[in-house]
Structures are given as structure tokens and as C-alpha cells.
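Structure file model_31.txt (compact mmCIF, C-alpha atoms and all ligand atoms) is printed below.
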# COMPACT_ATOMS: atom_id res chain seq x y z
CA MET B 248 0.00 0.00 0.00
CA THR B 249 1.38 3.39 -0.94
CA ALA B 250 0.57 6.95 0.10
CA VAL B 251 -2.92 8.26 -0.69
CA LYS B 252 -3.63 11.99 -0.99
CA ALA B 253 -6.95 13.81 -0.60
CA HIS B 254 -7.78 17.48 -1.01
CA ALA B 255 -9.65 19.24 1.78
CA PRO B 256 -11.10 22.33 0.07
CA ALA B 257 -12.47 25.38 1.86
CA LYS B 258 -16.23 25.18 2.46
CA ILE B 259 -18.22 28.34 1.82
CA ASN B 260 -21.78 28.87 3.05
CA LEU B 261 -23.23 31.07 0.29
CA THR B 262 -26.37 31.19 2.44
CA LEU B 263 -26.92 30.11 6.02
CA HIS B 264 -30.45 30.34 7.34
CA VAL B 265 -31.01 29.34 10.96
CA THR B 266 -34.51 27.92 10.93
CA GLY B 267 -34.93 26.57 14.45
CA ARG B 268 -33.33 25.01 17.47
CA ARG B 269 -33.47 21.41 18.69
CA SER B 270 -34.07 20.49 22.30
CA ASP B 271 -30.38 19.48 22.62
CA GLY B 272 -29.35 23.05 21.74
CA TYR B 273 -28.17 22.36 18.18
CA HIS B 274 -29.57 24.67 15.54
CA LEU B 275 -31.49 23.67 12.44
CA LEU B 276 -29.92 25.11 9.33
CA ASP B 277 -30.75 25.57 5.67
CA SER B 278 -27.53 26.36 3.83
CA LEU B 279 -26.24 26.45 0.26
CA VAL B 280 -22.69 25.17 0.47
CA VAL B 281 -20.00 25.31 -2.22
CA PHE B 282 -16.30 24.46 -2.20
CA ALA B 283 -13.25 26.46 -3.26
CA ASP B 284 -10.51 25.15 -5.52
CA PHE B 285 -8.18 25.92 -2.63
CA GLY B 286 -7.63 24.17 0.68
CA ASP B 287 -5.59 21.77 2.77
CA LEU B 288 -3.97 18.55 1.59
CA ILE B 289 -4.08 15.25 3.47
CA THR B 290 -1.58 12.46 2.83
CA VAL B 291 -1.98 9.07 4.53
CA ARG B 292 0.45 6.16 4.66
CA PRO B 293 0.06 2.76 6.31
CA ALA B 294 1.44 2.59 9.87
CA THR B 295 0.89 0.51 12.98
CA VAL B 296 0.11 3.52 15.17
CA SER B 297 -1.52 6.79 14.13
CA ARG B 298 0.73 9.80 13.91
CA LEU B 299 -0.04 13.30 12.66
CA ALA B 300 2.35 15.90 11.29
CA VAL B 301 1.07 19.36 10.38
CA THR B 302 3.01 21.36 7.78
CA GLY B 303 2.28 24.31 5.52
CA PRO B 304 1.76 28.07 5.90
CA MET B 305 -1.13 27.81 8.40
CA ALA B 306 0.36 25.04 10.59
CA ALA B 307 1.11 27.29 13.57
CA GLY B 308 -1.15 26.53 16.52
CA VAL B 309 -2.90 23.55 14.92
CA PRO B 310 -3.00 20.68 17.46
CA VAL B 311 -1.15 17.50 16.48
CA ASP B 312 -2.63 15.43 19.33
CA ALA B 313 -5.94 13.59 19.66
CA ASP B 314 -7.75 16.97 19.68
CA ASN B 315 -7.19 17.22 15.94
CA LEU B 316 -10.25 16.12 13.95
CA VAL B 317 -7.93 14.27 11.57
CA LEU B 318 -6.96 11.80 14.32
CA LYS B 319 -10.56 11.62 15.54
CA ALA B 320 -11.58 10.68 11.97
CA ALA B 321 -8.97 7.88 11.86
CA ALA B 322 -10.13 6.61 15.26
CA LEU B 323 -13.75 6.59 14.09
CA ILE B 324 -12.98 3.90 11.50
CA ASP B 325 -10.38 2.18 13.68
CA VAL B 326 -7.61 2.62 11.09
CA THR B 327 -4.04 3.59 12.02
CA ALA B 328 -1.94 5.65 9.65
CA ASP B 329 0.89 8.09 9.30
CA ILE B 330 -0.97 11.29 8.35
CA THR B 331 0.38 14.57 7.05
CA LEU B 332 -1.87 17.61 7.05
CA GLU B 333 -0.60 20.42 4.82
CA LYS B 334 -2.46 23.40 6.23
CA HIS B 335 -3.34 26.29 3.94
CA LEU B 336 -6.70 27.31 5.44
CA PRO B 337 -6.93 29.45 8.56
CA ALA B 338 -8.34 27.48 11.50
CA ALA B 339 -11.65 28.24 13.24
CA ALA B 340 -12.57 30.65 10.47
CA GLY B 341 -16.01 29.56 9.19
CA ILE B 342 -14.66 27.87 6.06
CA GLY B 343 -14.69 24.33 7.38
CA GLY B 344 -10.96 23.72 7.71
CA GLY B 345 -11.20 21.08 10.43
CA SER B 346 -14.34 19.47 8.98
CA SER B 347 -12.89 19.35 5.47
CA ASP B 348 -9.65 17.85 6.87
CA ALA B 349 -11.63 15.17 8.74
CA ALA B 350 -13.69 14.34 5.63
CA ALA B 351 -10.59 14.18 3.39
CA THR B 352 -8.86 11.93 5.95
CA LEU B 353 -11.83 9.55 5.88
CA ARG B 354 -11.82 9.50 2.07
CA ALA B 355 -8.07 8.83 1.94
CA LEU B 356 -8.11 6.15 4.67
CA CYS B 357 -11.12 4.33 3.17
CA ASP B 358 -9.38 4.47 -0.20
CA MET B 359 -6.12 3.12 1.24
CA THR B 360 -7.63 0.30 3.27
CA GLY B 361 -10.89 -0.61 1.53
CA VAL B 362 -12.78 0.08 4.78
CA ALA B 363 -16.33 1.34 4.10
CA MET B 364 -17.18 4.99 4.76
CA PRO B 365 -18.92 5.13 8.16
CA ARG B 366 -22.48 6.47 8.43
CA ASP B 367 -22.00 8.35 11.68
CA VAL B 368 -19.55 11.07 10.54
CA LEU B 369 -21.79 13.75 12.10
CA VAL B 370 -20.15 12.95 15.46
CA LEU B 371 -16.99 14.59 14.07
CA GLY B 372 -18.85 17.87 13.47
CA ALA B 373 -21.94 19.28 11.80
CA ASP B 374 -20.01 20.28 8.65
CA VAL B 375 -18.33 16.91 8.08
CA PRO B 376 -21.18 15.21 6.14
CA VAL B 377 -21.26 17.96 3.48
CA CYS B 378 -17.47 17.88 3.20
CA LEU B 379 -17.41 14.13 2.39
CA ALA B 380 -18.28 14.86 -1.25
CA PRO B 381 -17.11 18.45 -1.77
CA ARG B 382 -19.52 19.81 -4.37
CA ALA B 383 -22.42 22.27 -4.36
CA ALA B 384 -25.08 21.06 -1.94
CA ARG B 385 -28.03 22.12 0.16
CA MET B 386 -27.38 21.29 3.80
CA ARG B 387 -30.26 20.95 6.25
CA GLY B 388 -31.00 19.51 9.67
CA ILE B 389 -28.00 20.28 11.85
CA GLY B 390 -25.78 19.32 8.93
CA GLU B 391 -26.68 15.66 8.36
CA ASP B 392 -29.21 16.21 5.58
CA VAL B 393 -27.15 16.89 2.43
CA THR B 394 -28.61 17.13 -1.08
CA PRO B 395 -26.27 17.67 -4.05
CA LEU B 396 -27.35 20.71 -6.03
CA ALA B 397 -27.27 21.23 -9.79
CA GLY B 398 -27.46 24.61 -11.49
CA VAL B 399 -25.12 26.58 -9.23
CA PRO B 400 -22.74 28.52 -11.51
CA SER B 401 -19.00 28.51 -10.91
CA LEU B 402 -18.07 31.78 -9.26
CA TYR B 403 -14.89 33.73 -8.62
CA ALA B 404 -14.43 34.72 -5.03
CA VAL B 405 -12.14 36.43 -2.60
CA LEU B 406 -11.99 34.98 0.91
CA VAL B 407 -10.99 37.42 3.63
CA LYS B 408 -10.37 36.65 7.28
CA PRO B 409 -9.54 39.48 9.69
CA PRO B 410 -7.37 38.71 12.71
CA VAL B 411 -10.27 37.91 15.00
CA ALA B 412 -11.28 34.54 16.40
CA VAL B 413 -14.98 33.88 16.83
CA ALA B 414 -16.22 30.88 18.82
CA THR B 415 -19.08 29.12 17.02
CA PRO B 416 -21.23 28.32 20.11
CA GLY B 417 -21.04 31.97 21.21
CA ILE B 418 -22.19 33.19 17.80
CA PHE B 419 -25.20 30.82 17.81
CA ALA B 420 -25.95 31.99 21.36
CA GLY B 421 -25.97 35.60 20.11
CA LEU B 422 -28.92 35.01 17.77
CA THR B 423 -31.79 37.26 18.76
CA GLN B 424 -34.18 35.26 16.60
CA ARG B 425 -33.77 31.50 16.35
CA GLU B 426 -36.56 30.72 13.90
CA ASN B 427 -35.96 32.38 10.56
CA PRO B 428 -37.44 31.53 7.16
CA ALA B 429 -35.81 28.66 5.27
CA MET B 430 -34.83 28.98 1.60
CA SER B 431 -37.64 28.11 -0.83
CA ASP B 432 -38.37 24.43 -1.32
CA PRO B 433 -37.62 23.47 -3.96
CA LEU B 434 -34.94 26.03 -4.76
CA PRO B 435 -35.54 28.01 -7.96
CA VAL B 436 -34.08 26.88 -11.27
CA TRP B 437 -31.61 29.64 -12.14
CA ALA B 438 -31.62 30.49 -15.85
CA ASP B 439 -28.06 31.84 -15.74
CA ALA B 440 -25.36 33.20 -13.44
CA ALA B 441 -27.07 36.62 -13.27
CA ALA B 442 -30.33 35.03 -12.10
CA PHE B 443 -28.41 33.07 -9.49
CA MET B 444 -26.65 36.19 -8.19
CA CYS B 445 -29.95 38.08 -8.03
CA TRP B 446 -31.52 35.26 -5.99
CA LEU B 447 -28.44 34.95 -3.78
CA GLY B 448 -28.62 38.64 -2.91
CA GLU B 449 -32.06 38.05 -1.39
CA GLN B 450 -30.81 35.26 0.89
CA ARG B 451 -28.94 35.63 4.20
CA ASN B 452 -26.40 34.37 6.67
CA ASP B 453 -28.35 34.65 9.92
CA LEU B 454 -25.11 34.34 11.92
CA GLN B 455 -23.62 37.46 10.33
CA GLY B 456 -25.37 39.87 12.76
CA PRO B 457 -24.28 38.06 15.94
CA ALA B 458 -20.76 37.64 14.51
CA ILE B 459 -20.48 41.38 13.77
CA ALA B 460 -21.70 42.12 17.31
CA ALA B 461 -18.89 39.89 18.66
CA GLY B 462 -16.29 41.11 16.17
CA PRO B 463 -17.15 44.49 14.59
CA ILE B 464 -14.15 44.20 12.25
CA ILE B 465 -16.25 41.71 10.25
CA ALA B 466 -18.41 44.65 9.11
CA GLU B 467 -15.23 46.40 7.96
CA VAL B 468 -14.26 43.33 5.94
CA LEU B 469 -17.66 43.27 4.21
CA GLU B 470 -17.41 46.98 3.38
CA ALA B 471 -13.85 46.61 2.11
CA LEU B 472 -14.91 43.73 -0.16
CA LEU B 473 -17.86 45.69 -1.54
CA ASP B 474 -15.49 48.60 -2.27
CA THR B 475 -13.35 46.49 -4.62
CA PRO B 476 -14.12 46.84 -8.36
CA GLY B 477 -16.38 44.10 -9.69
CA CYS B 478 -17.60 42.82 -6.32
CA GLN B 479 -21.22 41.72 -6.77
CA LEU B 480 -22.01 40.49 -3.28
CA ALA B 481 -20.21 40.19 0.07
CA ARG B 482 -21.30 37.93 2.91
CA MET B 483 -19.86 36.01 5.84
CA SER B 484 -19.35 32.22 5.69
CA GLY B 485 -20.39 29.89 8.52
CA SER B 486 -20.06 31.51 11.94
CA GLY B 487 -17.20 33.67 10.63
CA ALA B 488 -15.00 35.44 10.72
CA THR B 489 -14.14 34.70 7.06
CA CYS B 490 -16.20 36.67 4.53
CA PHE B 491 -16.40 36.14 0.80
CA GLY B 492 -16.83 38.56 -2.07
CA LEU B 493 -18.16 37.29 -5.41
CA TYR B 494 -16.90 38.49 -8.80
CA ASP B 495 -17.82 37.55 -12.35
CA ARG B 496 -14.22 37.59 -13.58
CA ALA B 497 -11.10 35.83 -12.26
CA GLU B 498 -9.06 38.99 -12.93
CA SER B 499 -11.34 41.14 -10.72
CA ALA B 500 -11.07 38.63 -7.87
CA ALA B 501 -7.27 38.45 -8.17
CA ALA B 502 -6.98 42.26 -8.25
CA ALA B 503 -9.30 42.61 -5.22
CA ALA B 504 -7.32 40.04 -3.19
CA GLY B 505 -4.07 41.80 -4.09
CA ARG B 506 -5.43 45.21 -3.10
CA LEU B 507 -6.87 43.97 0.22
CA ALA B 508 -3.64 42.15 1.12
CA GLN B 509 -1.72 45.37 0.43
CA ASP B 510 -4.12 47.73 2.25
CA ARG B 511 -4.73 45.45 5.26
CA PRO B 512 -1.58 43.42 5.96
CA GLY B 513 -3.18 41.73 8.99
CA TRP B 514 -6.00 40.26 6.92
CA TRP B 515 -5.76 36.90 5.18
CA ALA B 516 -7.03 37.39 1.61
CA LYS B 517 -7.21 34.74 -1.07
CA ALA B 518 -8.70 34.76 -4.58
CA THR B 519 -10.25 31.44 -5.52
CA ARG B 520 -12.86 29.80 -7.72
CA LEU B 521 -15.94 28.27 -6.15
CA ASN B 522 -16.70 25.06 -7.94
CA ALA B 523 -20.22 24.16 -8.91
CA ALA B 524 -19.43 20.46 -9.22
O1 LIG C 601 -20.50 20.47 15.09
P1 LIG C 601 -19.52 21.56 15.34
O2 LIG C 601 -18.36 21.11 16.18
O3 LIG C 601 -19.10 22.27 14.12
O4 LIG C 601 -20.32 22.63 16.19
C1 LIG C 601 -19.71 23.56 17.05
C2 LIG C 601 -20.77 24.20 17.93
O5 LIG C 601 -21.61 25.03 17.12
C3 LIG C 601 -21.73 23.23 18.59
O6 LIG C 601 -21.23 22.79 19.82
C4 LIG C 601 -22.98 24.07 18.77
O7 LIG C 601 -22.86 24.91 19.89
C5 LIG C 601 -22.97 24.95 17.55
N1 LIG C 601 -23.79 24.42 16.45
C6 LIG C 601 -25.17 24.54 16.51
N2 LIG C 601 -25.95 24.04 15.50
C7 LIG C 601 -25.37 23.47 14.41
C8 LIG C 601 -23.97 23.36 14.32
C9 LIG C 601 -23.21 23.84 15.37
O8 LIG C 601 -25.72 25.06 17.48
N3 LIG C 601 -26.15 23.00 13.43

How does the structure come out when it is put into C-alpha cells?
Ligand code: C5P
Amino acid sequence: MTAVKAHAPAKINLTLHVTGRRSDGYHLLDSLVVFADFGDLITVRPATVSRLAVTGPMAAGVPVDADNLVLKAAALIDVTADITLEKHLPAAAGIGGGSSDAAATLRALCDMTGVAMPRDVLVLGADVPVCLAPRAARMRGIGEDVTPLAGVPSLYAVLVKPPVAVATPGIFAGLTQRENPAMSDPLPVWADAAAFMCWLGEQRNDLQGPAIAAGPIIAEVLEALLDTPGCQLARMSGSGATCFGLYDRAESAAAAAGRLAQDRPGWWAKATRLNAA
């Protein structure tokens, strides 16, 4: 058996509607999720005990012990492996770094060993089920109900994370209204990218308000994105603090990321393409 690699792309919530709350405190969501062509890289090799090494530009501060979701994912299927996580995504940023890493680890380990993909991946985190097959999807329930979605156009985006850490449970706790309207069911059939963008502008991330209350710099990020030429929409992903701006041309996204990185050296800014499939 040789090394197996799996990409762990950034997850972006283009919409995130909080539609209710379960008795166990978890929130019911209705979210349109897409994946970037940019993310972490997992490499697994056979070994008799599990070991994790974290490399890459965002490795600092990432735990290498059993706290890391990558090792929790390996333990879930009872497979041992030598695992390398090449970290490019900022941690705890609302773009699914840990969940995408866990899902990619499961894909790579199942591939390497022939072990079947487990059904109970939700125990690793609410975003792990959608990250198992990283393509456009509608995510409902607390994250376990995933429906692949056709008709979402490929989009150019800039991801921006300011130097602020937001804790997901605290952001959910900051919701003033816990029952908000879901997206339409079924979702509309978008005739073209312009129709999609028009529809998207009418949707929401219900966690954006509580996140801005906890970290006002998030509002600055949204304004800065909207100020860049060609930006059609700016919104926060997940519980933040990463926000995305959408552009119809790759060149506009690249120019916007370059300008933001220059103007705000403390901000992480990355131009990427959001893949429809
Ligand atoms: O599942 P995950 O570890 O990503 O969730 C982190 C925290 O976010 C949970 O402990 C919970 O407080 C909150 N959460 C929630 N409803 C969801 C997902 C997460 O309340 N659907």
C-alpha cells in the first residue's frame, strides 16, 4: 500500500439560514454550500500507530494530538496511519478547515484500506457530512441532511479573514431570533449566473449579525470587499470570521485580493474559484 492523498477544500456557506433550534441546543440550518478550488492537503500512509504531522503556511497553533479532527476521523474507523496535514486554510474561520480535513482523511483512509465509509460522521462535526463529497449542496438539519445541487454557476471569489477569532457556540448563542425563514423548497431553477446572483442577494447568513456584534471588524471586511471593483455580493461564511466577495471575472477577484492584502496586511485574503461540481 502506498501513500494516498486527498484534497480538503475550503467550504463556503453562500447562504446560512437558521430555521430553528433542537431540544439538545443544536440549531437547524438551511444552507447552500460550495467548495473552493483551494484548501488543505491530506496524505496518509500505512502505519501501525496513528501519527499526525502538520506542515504548511497555516500550521502554527494547529494541534497534532488527539484533539485534531484528523486523528478523531482515523479513530472513528479504527484505522491507524501516518498522516500529514498540509495546512493552507486558517483554523476556526467559518470555512470548514477542520471538517474538510476530517472528511478528506476519511476518504483517503477508506481508499487506502478498503474500509467502508462510516455512516455516523456527524459525530466529528456538523459540517463533516457535506465535506465528504465536496460539491455544491443544500445542507439541512443540523448538517446531516445533504442534497447535491445542480445549477449553481461557478463563481470567482475572494476569501478574507480578519485577525479575530470567533467561537461558534457563542455566535449561535448571540442570535436574537432562532426561527428564521428557510430557503424556498424546492430552490428556484436559475436560468443563468445573473439570475443566481440576483436570488443569492435576497438570501442571508443569519449568523452574520451576531458575529459582527462579537467582532465588529467583520463589518469592515464586508465593506472593504464591496469597495473592490467588480464585487457583486459580500457575505460572511459559517459563523465567521471569514467573509467572501463574489466576482464575475477571475481577474477582478485576483486584483481585489491583491489590493486587500496590500491595504490590510493583517488580513488573510485569497482569490479562488468556487466550484459548482
Ligand atoms: O459540530 P460543530 O463542532 O461544528 O459545532 C460547534 C458548535 O456550534 C456546537 O457545539 C454548537 O454549539 C454549535 N452548532 C449549533 N448548530 C449546528 C452546528 C453547530 O448550534 N447546526

Nearest to Gly308 of chain B, restricted to all atoms listed in the file and choosing among B:Ile289, B:Ala384, B:Ala283, B:Ala339, comes out as B:Ala339

Exercise. So which residues touch Leu263 of chain B within 6 Å, counting all atoms listed in the file, skipping near sequence neighbours fewer than 4 positions away, as a list of chain:residue names?
Worked result: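 The residues satisfying every condition are B:Asp277, B:Ser278, B:Asn452.
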
Practice item. Grab the atom CA of Ala412 of chain B to atom CA of Glu467 of chain B distance for me, in Å with one decimal place. Key: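 Atom-to-atom, atom CA of Ala412 of chain B and atom CA of Glu467 of chain B are spaced 15.1 Å apart.
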
Report as JSON the centre and the edge lengths, in Å to one decimal, of the axis-aligned box holding every listed atom of ligand LIG 601 (chain C), padded by 4 Å on each side.
{"center_x": -22.3, "center_y": 22.8, "center_z": 16.7, "size_x": 15.8, "size_y": 12.6, "size_z": 14.5}

Counting all atoms listed in the file, the residue among B:Cys490, B:Leu371, B:Val405, B:Ala442 that lies closest to ligand LIG 601 (chain C) is B:Leu371

Check which residues of chain B sit at most 6 Å from ligand LIG 601 (chain C) using all atoms listed in the file, and return one row each with the closest pair of atoms and their distance in Å to one decimal, ordered by chain and rising number, as JSON lines.
{"residue": "B:Gly272", "atom": "CA", "partner": "C:LIG601", "partner_atom": "O8", "distance": 5.9}
{"residue": "B:Tyr273", "atom": "CA", "partner": "C:LIG601", "partner_atom": "O8", "distance": 3.7}
{"residue": "B:His274", "atom": "CA", "partner": "C:LIG601", "partner_atom": "N2", "distance": 3.7}
{"residue": "B:Leu275", "atom": "CA", "partner": "C:LIG601", "partner_atom": "N3", "distance": 5.5}
{"residue": "B:Leu276", "atom": "CA", "partner": "C:LIG601", "partner_atom": "N3", "distance": 6.0}
{"residue": "B:Gly372", "atom": "CA", "partner": "C:LIG601", "partner_atom": "O1", "distance": 3.5}
{"residue": "B:Ala373", "atom": "CA", "partner": "C:LIG601", "partner_atom": "O1", "distance": 3.8}
{"residue": "B:Asp374", "atom": "CA", "partner": "C:LIG601", "partner_atom": "O3", "distance": 5.9}
{"residue": "B:Ile389", "atom": "CA", "partner": "C:LIG601", "partner_atom": "N3", "distance": 3.6}
{"residue": "B:Gly390", "atom": "CA", "partner": "C:LIG601", "partner_atom": "N3", "distance": 5.8}
{"residue": "B:Thr415", "atom": "CA", "partner": "C:LIG601", "partner_atom": "O5", "distance": 4.8}
{"residue": "B:Pro416", "atom": "CA", "partner": "C:LIG601", "partner_atom": "O7", "distance": 3.8}
{"residue": "B:Phe419", "atom": "CA", "partner": "C:LIG601", "partner_atom": "O8", "distance": 5.8}

Store the residues of this selection in a file with C-alpha atoms, as a short mmCIF file (atom, residue, chain, number, x, y, z; two decimals), keeping the file's coordinate frame.
data_model
loop_
_atom_site.label_atom_id
_atom_site.label_comp_id
_atom_site.auth_asym_id
_atom_site.auth_seq_id
_atom_site.Cartn_x
_atom_site.Cartn_y
_atom_site.Cartn_z
CA GLY B 272 -29.35 23.05 21.74
CA TYR B 273 -28.17 22.36 18.18
CA HIS B 274 -29.57 24.67 15.54
CA LEU B 275 -31.49 23.67 12.44
CA LEU B 276 -29.92 25.11 9.33
CA GLY B 372 -18.85 17.87 13.47
CA ALA B 373 -21.94 19.28 11.80
CA ASP B 374 -20.01 20.28 8.65
CA ILE B 389 -28.00 20.28 11.85
CA GLY B 390 -25.78 19.32 8.93
CA THR B 415 -19.08 29.12 17.02
CA PRO B 416 -21.23 28.32 20.11
CA PHE B 419 -25.20 30.82 17.81
#
